[in-house]
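The block underneath contains the structure these notes are about, expressed in structure tokens.
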There are 2 protein chains.
Amino acid sequence: MTTSDSVTTLDDLGEDGVLRRLLDRLPRTPTPGLLVGPGDDAAVSAPSGRLVSTTDMLVEGEDFRRDWLDPRLLGIKAAAQNLADVAAMGATPHGLLLSIAAPGDTPVELLTELMDGFAAEAQRAGAAVFGGDLSGGPCIVVSVTALGSLTRPPVLRSGAQPGDAVVLAGTIGHAAAGLELLFARVAPGEDRTLDPVIEVQRAPSPDYSAALRAAPVAHAMIDASDGLSGDLGRLAVASGVRAALDRDALEELARPLLPAARALAARGAPGRPEERALRWVLDGGEDHGFIAAMPGQSVPVGWVRIGTCRAGQPGVELDGTPLTARAFSHFTGDR
Amino acid sequence: MTTSDSVTTLDDLGEDGVLRRLLDRLPRTPTPGLLVGPGDDAAVSAPSGRLVSTTDMLVEGEDFRRDWLDPRLLGIKAAAQNLADVAAMGATPHGLLLSIAAPGDTPVELLTELMDGFAAEAQRAGAAVFGGDLSGGPCIVVSVTALGSLTRPPVLRSGAQPGDAVVLAGTIGHAAAGLELLFARVAPGEDRTLDPVIEVQRAPSPDYSAALRAAPVAHAMIDASDGLSGDLGRLAVASGVRAALDRDALEELARPLLPAARALAARGAPGRPEERALRWVLDGGEDHGFIAAMPGQSVPVGWVRIGTCRAGQPGVELDGTPLTARAFSHFTGDR
């Protein structure tokens with residue numbers, strides 16, 4: 001963002017002017033499968049097979065804070081968290097729709113940078129930006145719909161079977177660690193060893209191809225937005241299995257989080273760093289890794305085994321003790 | 001909404017509790033074409049042919065006011081304005097995704113009534129509610145994506161030809177008249193002759209089937225959200241034609257708006273009521289009628305002819321005078 005006196009705002013440019021600037025940030029190359037792009041009443045596209053659709057909203061003050069905001073990273077995050085839901089069904093990302101509300105005094109550059117991140121993440125996933133909407137509002141709201149193409153049966157949450165391996169693709173707990181660092185006023189760039197987890201909090205980078213590799217063999221799959229305790233719990237309950245986590249595998253996942261946990265301990269955070277790092281792995285989810293259940297002999301490249309599905313009371317356990325979900329909620333009734 | 005002391009709020013119920021209440025408002029009958037509904041990472045559906053997609057956001061304070069709010073009507077409007085965009089491409093409504101942000105002290109009943117209206121309008125259009133998202137926020141934001149199935153070529157804005165009839169399905173100007181009545185503090189129910197236009201402002205009722213009847217014969221079509229001057233202007237410019245409006249037809253469209261115009265005159269509004277009613281017809285759009293261009297001999301039932309496409313400077317004219325668009329804008333730069 002520019003800090004000069006001559007910042008151009010949404011009010012300065014007007015709705016049509018801002019929309020033109022935003023559309024200018026999209027790739028100019030024709031997109032296969034997109035027959036009518038932004039500019040008519042609606043987009044027209046040709047997904048293969050069945051259609052997968054999901055939507056998610058990011059609200060300033062709820063899901064992100066203006067003072068930590070990097071608009072490009074917010075654009076990446078808005079695209080990634082929706083595309084991860086598409087990939088978690090075993091579907092190929094197809095297209096994205098983006099609605100933005102923002103106050104009239106918002107710098108235009110904030111939205112163009114957001115669009116740059118959004119379009120880049122779409123491209124990384126192989127999806128096109130189909131269209132969107134722009135509105136005024138008291139704060140920044142980013143609402144995204146992601147669409148996917150599905151040429152095989154969907155991978156639901158409910159298909160896990162006793163004996164299946166519980167497997168994970170991508171990091172887990174990094175985004176939660178990054179959030180705690182930000183709350184503890186560790187600024188991005190302050191300590192290079194801590195930057196990677198802060199980056200994951202600000203913009204996850206899901207491995208969509210790992211989800212697609214798992215689709216033919218997975219009995220169940222879910223996007224990890226609420227951590228192992230939350231999302232593996234949902235998968236286990238939907239499938240009627242007990243997911244027993246493997247402590248050694250979890251400690252392996254927690255190891256890269258020890259520098260962050262130690263940095264917080266040095267700033268006076270209570271408890272052992274090892275315990276804190278393990279909590280992030282269990283309860284942190286915004287990395288948008290993928291959790292799946294599949295036969296142990298079928299685990300594809302990019303996935304690691306972290307537990308086993310058993311018969312028994314549906315839920316998640318570690319060392320024989322049930323885990324309670326600590327999912328983020330927007331409303332106090334859940335806290 | 002209840003006005004008792006024991007209003008249940010979003011904070012009282014928590015995120016999962018509110019979601020359960022909202023999903024309870026959806027029809028329980030299986031929806032043809034919807035293979036996986038709300039509850040997994042994403043919905044799975046089977047549209048026929050090509051996919052049409054569009055998105056639109058309604059923000060409290062920008063697009064609606066809390067003091068005029070009837071949640072059920074807001075739900076209808078949120079669905080209708082998106083479904084109208086789908087139908088304006090000549091597509092059959094297929095599904096809807098709904099994201100809502102609201103403060104934690106919002107009564108749950110406000111959202112369940114909103115969902116009732118949303119689901120009812122979806123059903124009227126033949127579409128299913130595929131899923132959604134719920135977030136906190138400083139005000140109510142409703143973001144909708146509508147999806148459609150297209151088994152013929154899309155009807156774009158750009159296909160009108162000189163000699164085509166300009167035709168309209170549905171009312172136009174009623175929502176604009178209703179908005180002016182609300183601004184003039186004419187409350188719903190105060191004067192029964194005025195209620196119909198206020199209702200259209202609060203919840204349009206697009207004739208989706210009229211758009212589908214036009215699809216095989218229309219050269220161009222657009223959803224009227226910004227009035228004849230705005231949307232017919234867009235169609236004319238995209239097509240490179242001059243749309244000459246017929247004054248007799250417009251006065252016919254303005255006639256039902258005379259009671260509203262006279263009520264405002266009685267409250268001190270300047271100008272002749274006939275002029276005001278005609279302005280609403282020209283510039284008012286939130287009725288979400290449909291405007292199309294097609295051969296004059298092909299006009300289907302439910303459509304009326306209001307003008308003719310000619311060769312010449314692209315735009316809209318009335319009695320030889322060019323009309324300037326007065327589209328609503330969220331940002332002051334356009335005003």
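Going by the structure tokens order, chains are called A, B, ..., each with residues numbered from 1, while ligands are numbered from 1 in the order shown.
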Which neighbours of B:Met57 fall inside 10 Å, counting only C-alpha atoms, when residues of the same chain fewer than 4 positions from it are skipped, and could you give them as a list in words?
Leu98, Ser99, Ile100, Ala101, Gly132, Asp133, Leu134, Ser135, Gly136, Val141, Val142 and Ser143 of chain A; Asp63, Ala78, Gln81, Asn82, Leu98, Ser99, Ile100, Val141, Val142, Ser143, Val144 and Thr145 of chain B
Would you mind exporting the chosen residues as a compact mmCIF listing (two decimals), in the first residue's frame, restricted to all heavy atoms?
# COMPACT_ATOMS: atom_id res chain seq x y z
N LEU A 98 -15.83 -13.98 -6.48
CA LEU A 98 -15.30 -13.16 -5.39
C LEU A 98 -16.19 -11.94 -5.17
O LEU A 98 -16.37 -11.14 -6.09
CB LEU A 98 -13.89 -12.69 -5.76
CG LEU A 98 -13.22 -11.64 -4.90
CD1 LEU A 98 -12.95 -12.18 -3.50
CD2 LEU A 98 -11.91 -11.18 -5.55
N SER A 99 -16.75 -11.79 -3.98
CA SER A 99 -17.47 -10.57 -3.63
C SER A 99 -16.70 -9.83 -2.55
O SER A 99 -16.24 -10.45 -1.59
CB SER A 99 -18.87 -10.88 -3.10
OG SER A 99 -19.74 -11.21 -4.15
N ILE A 100 -16.57 -8.53 -2.73
CA ILE A 100 -15.85 -7.71 -1.75
C ILE A 100 -16.75 -6.55 -1.32
O ILE A 100 -17.34 -5.87 -2.17
CB ILE A 100 -14.56 -7.12 -2.35
CG1 ILE A 100 -13.66 -8.22 -2.91
CG2 ILE A 100 -13.81 -6.29 -1.31
CD1 ILE A 100 -12.43 -7.69 -3.65
N ALA A 101 -16.86 -6.32 -0.02
CA ALA A 101 -17.43 -5.07 0.49
C ALA A 101 -16.30 -4.31 1.17
O ALA A 101 -15.46 -4.91 1.83
CB ALA A 101 -18.54 -5.36 1.49
N GLY A 132 -17.52 -11.57 -10.03
CA GLY A 132 -17.64 -11.13 -8.65
C GLY A 132 -18.58 -9.96 -8.49
O GLY A 132 -19.38 -9.66 -9.37
N ASP A 133 -18.46 -9.33 -7.33
CA ASP A 133 -19.34 -8.23 -6.98
C ASP A 133 -18.57 -7.29 -6.06
O ASP A 133 -17.71 -7.74 -5.31
CB ASP A 133 -20.60 -8.77 -6.28
CG ASP A 133 -21.62 -7.68 -6.01
OD1 ASP A 133 -21.76 -6.77 -6.84
OD2 ASP A 133 -22.28 -7.74 -4.96
N LEU A 134 -18.88 -6.01 -6.15
CA LEU A 134 -18.23 -5.01 -5.30
C LEU A 134 -19.30 -4.18 -4.64
O LEU A 134 -20.23 -3.72 -5.29
CB LEU A 134 -17.32 -4.13 -6.17
CG LEU A 134 -16.60 -2.99 -5.46
CD1 LEU A 134 -15.59 -3.53 -4.45
CD2 LEU A 134 -15.89 -2.11 -6.49
N SER A 135 -19.17 -4.00 -3.32
CA SER A 135 -20.16 -3.25 -2.57
C SER A 135 -19.48 -2.34 -1.57
O SER A 135 -18.31 -2.56 -1.23
CB SER A 135 -21.09 -4.23 -1.84
OG SER A 135 -22.06 -3.54 -1.09
N GLY A 136 -20.16 -1.32 -1.11
CA GLY A 136 -19.68 -0.55 0.03
C GLY A 136 -19.97 -1.31 1.32
O GLY A 136 -20.64 -2.34 1.31
N VAL A 141 -15.17 -7.06 3.81
CA VAL A 141 -15.73 -8.41 3.82
C VAL A 141 -15.36 -9.05 2.48
O VAL A 141 -15.56 -8.44 1.43
CB VAL A 141 -17.26 -8.41 3.98
CG1 VAL A 141 -17.81 -9.84 3.99
CG2 VAL A 141 -17.67 -7.69 5.25
N VAL A 142 -14.82 -10.25 2.53
CA VAL A 142 -14.44 -10.97 1.31
C VAL A 142 -15.20 -12.28 1.32
O VAL A 142 -15.03 -13.09 2.23
CB VAL A 142 -12.92 -11.24 1.28
CG1 VAL A 142 -12.54 -11.98 0.00
CG2 VAL A 142 -12.13 -9.94 1.40
N SER A 143 -16.07 -12.46 0.34
CA SER A 143 -16.87 -13.67 0.26
C SER A 143 -16.51 -14.41 -1.03
O SER A 143 -16.50 -13.81 -2.10
CB SER A 143 -18.35 -13.31 0.28
OG SER A 143 -19.13 -14.49 0.23
N ASP B 63 -27.30 -1.62 1.21
CA ASP B 63 -28.33 -2.19 0.34
C ASP B 63 -29.67 -2.36 1.05
O ASP B 63 -30.69 -2.58 0.41
CB ASP B 63 -27.85 -3.55 -0.19
CG ASP B 63 -26.54 -3.44 -0.94
OD1 ASP B 63 -26.55 -2.79 -2.01
OD2 ASP B 63 -25.52 -3.94 -0.48
N ALA B 78 -32.33 -11.52 -1.67
CA ALA B 78 -30.96 -12.02 -1.87
C ALA B 78 -30.95 -13.16 -2.88
O ALA B 78 -30.05 -13.25 -3.73
CB ALA B 78 -30.39 -12.48 -0.52
N GLN B 81 -32.29 -11.69 -6.71
CA GLN B 81 -31.43 -10.85 -7.55
C GLN B 81 -30.31 -11.68 -8.18
O GLN B 81 -29.81 -11.34 -9.25
CB GLN B 81 -30.89 -9.65 -6.77
CG GLN B 81 -29.90 -9.96 -5.68
CD GLN B 81 -29.42 -8.68 -5.00
OE1 GLN B 81 -30.12 -7.67 -4.95
NE2 GLN B 81 -28.19 -8.70 -4.51
N ASN B 82 -29.93 -12.77 -7.54
CA ASN B 82 -28.92 -13.64 -8.13
C ASN B 82 -29.53 -14.60 -9.15
O ASN B 82 -28.96 -14.85 -10.21
CB ASN B 82 -28.20 -14.42 -7.02
CG ASN B 82 -27.15 -13.57 -6.33
OD1 ASN B 82 -26.07 -13.38 -6.84
ND2 ASN B 82 -27.51 -13.02 -5.18
N LEU B 98 -25.18 -19.57 0.20
CA LEU B 98 -25.53 -18.40 1.01
C LEU B 98 -24.52 -18.22 2.13
O LEU B 98 -24.35 -19.12 2.95
CB LEU B 98 -26.92 -18.63 1.61
CG LEU B 98 -27.42 -17.68 2.69
CD1 LEU B 98 -27.61 -16.28 2.12
CD2 LEU B 98 -28.74 -18.18 3.28
N SER B 99 -23.85 -17.08 2.17
CA SER B 99 -23.01 -16.74 3.32
C SER B 99 -23.63 -15.57 4.06
O SER B 99 -24.05 -14.60 3.44
CB SER B 99 -21.60 -16.35 2.87
OG SER B 99 -20.86 -17.48 2.53
N ILE B 100 -23.65 -15.68 5.39
CA ILE B 100 -24.21 -14.61 6.22
C ILE B 100 -23.18 -14.22 7.28
O ILE B 100 -22.62 -15.10 7.94
CB ILE B 100 -25.50 -15.08 6.95
CG1 ILE B 100 -26.54 -15.59 5.95
CG2 ILE B 100 -26.07 -13.95 7.80
CD1 ILE B 100 -27.77 -16.22 6.63
N VAL B 141 -24.36 -8.99 6.65
CA VAL B 141 -23.93 -9.09 5.25
C VAL B 141 -24.45 -10.42 4.72
O VAL B 141 -24.29 -11.45 5.36
CB VAL B 141 -22.40 -9.05 5.11
CG1 VAL B 141 -21.98 -9.17 3.66
CG2 VAL B 141 -21.82 -7.79 5.73
N VAL B 142 -25.10 -10.36 3.57
CA VAL B 142 -25.64 -11.56 2.94
C VAL B 142 -25.00 -11.69 1.56
O VAL B 142 -25.17 -10.81 0.72
CB VAL B 142 -27.18 -11.48 2.79
CG1 VAL B 142 -27.73 -12.75 2.17
CG2 VAL B 142 -27.83 -11.23 4.14
N SER B 143 -24.24 -12.74 1.37
CA SER B 143 -23.56 -12.94 0.09
C SER B 143 -24.08 -14.22 -0.55
O SER B 143 -24.12 -15.26 0.11
CB SER B 143 -22.05 -13.02 0.31
OG SER B 143 -21.38 -13.20 -0.90
N VAL B 144 -24.48 -14.12 -1.80
CA VAL B 144 -25.15 -15.25 -2.47
C VAL B 144 -24.44 -15.57 -3.78
O VAL B 144 -24.04 -14.67 -4.51
CB VAL B 144 -26.62 -14.91 -2.76
CG1 VAL B 144 -27.30 -16.04 -3.53
CG2 VAL B 144 -27.37 -14.62 -1.46
N THR B 145 -24.28 -16.85 -4.05
CA THR B 145 -23.88 -17.31 -5.38
C THR B 145 -25.02 -18.13 -5.95
O THR B 145 -25.56 -19.00 -5.25
CB THR B 145 -22.59 -18.15 -5.31
OG1 THR B 145 -21.51 -17.32 -4.90
CG2 THR B 145 -22.27 -18.77 -6.67
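The residues of chain A lying at most 6 Å from chain B, with only C-alpha atoms taken into account, are Asp11, Asp12, Leu13, Gly14, Glu15, Asp41, Ala42, Ala43, Val44, Ser45, Ala46, Arg50, Leu51, Val52, Ser53, Thr54, Thr55, Asp56, Asp85, Gly104, Gly132, Asp133, Ser135, Gly136, His330, Phe331, Thr332, Gly333 and Asp334 of chain A.
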Alpha helix (DSSP H) residues, from DSSP on the backbone, in stretch 108-284 of chain B, as a PyMOL selection string
chain B and resi 108-125+174-183+195-202+208-214+227+233-239+247-254+258-266+273-283
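Straight-line separation from atom CA of A:Ala214 to atom CA of A:Ala249: 19.4 Å.
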What lies within 12 Å of B:Ala261 using only C-alpha atoms, ignoring chain neighbours under 4 positions off, as a PyMOL selection string?
chain B and resi 173-174+176-181+184+193-194+197+254-257+265-281
Selection near B:Pro204, 12 Å with only C-alpha atoms, sequence-local residues under 2 positions removed, as a ChimeraX atom specification:
/B:73-84,117,121,170-176,178,196-202,206-208,224-225,285-289
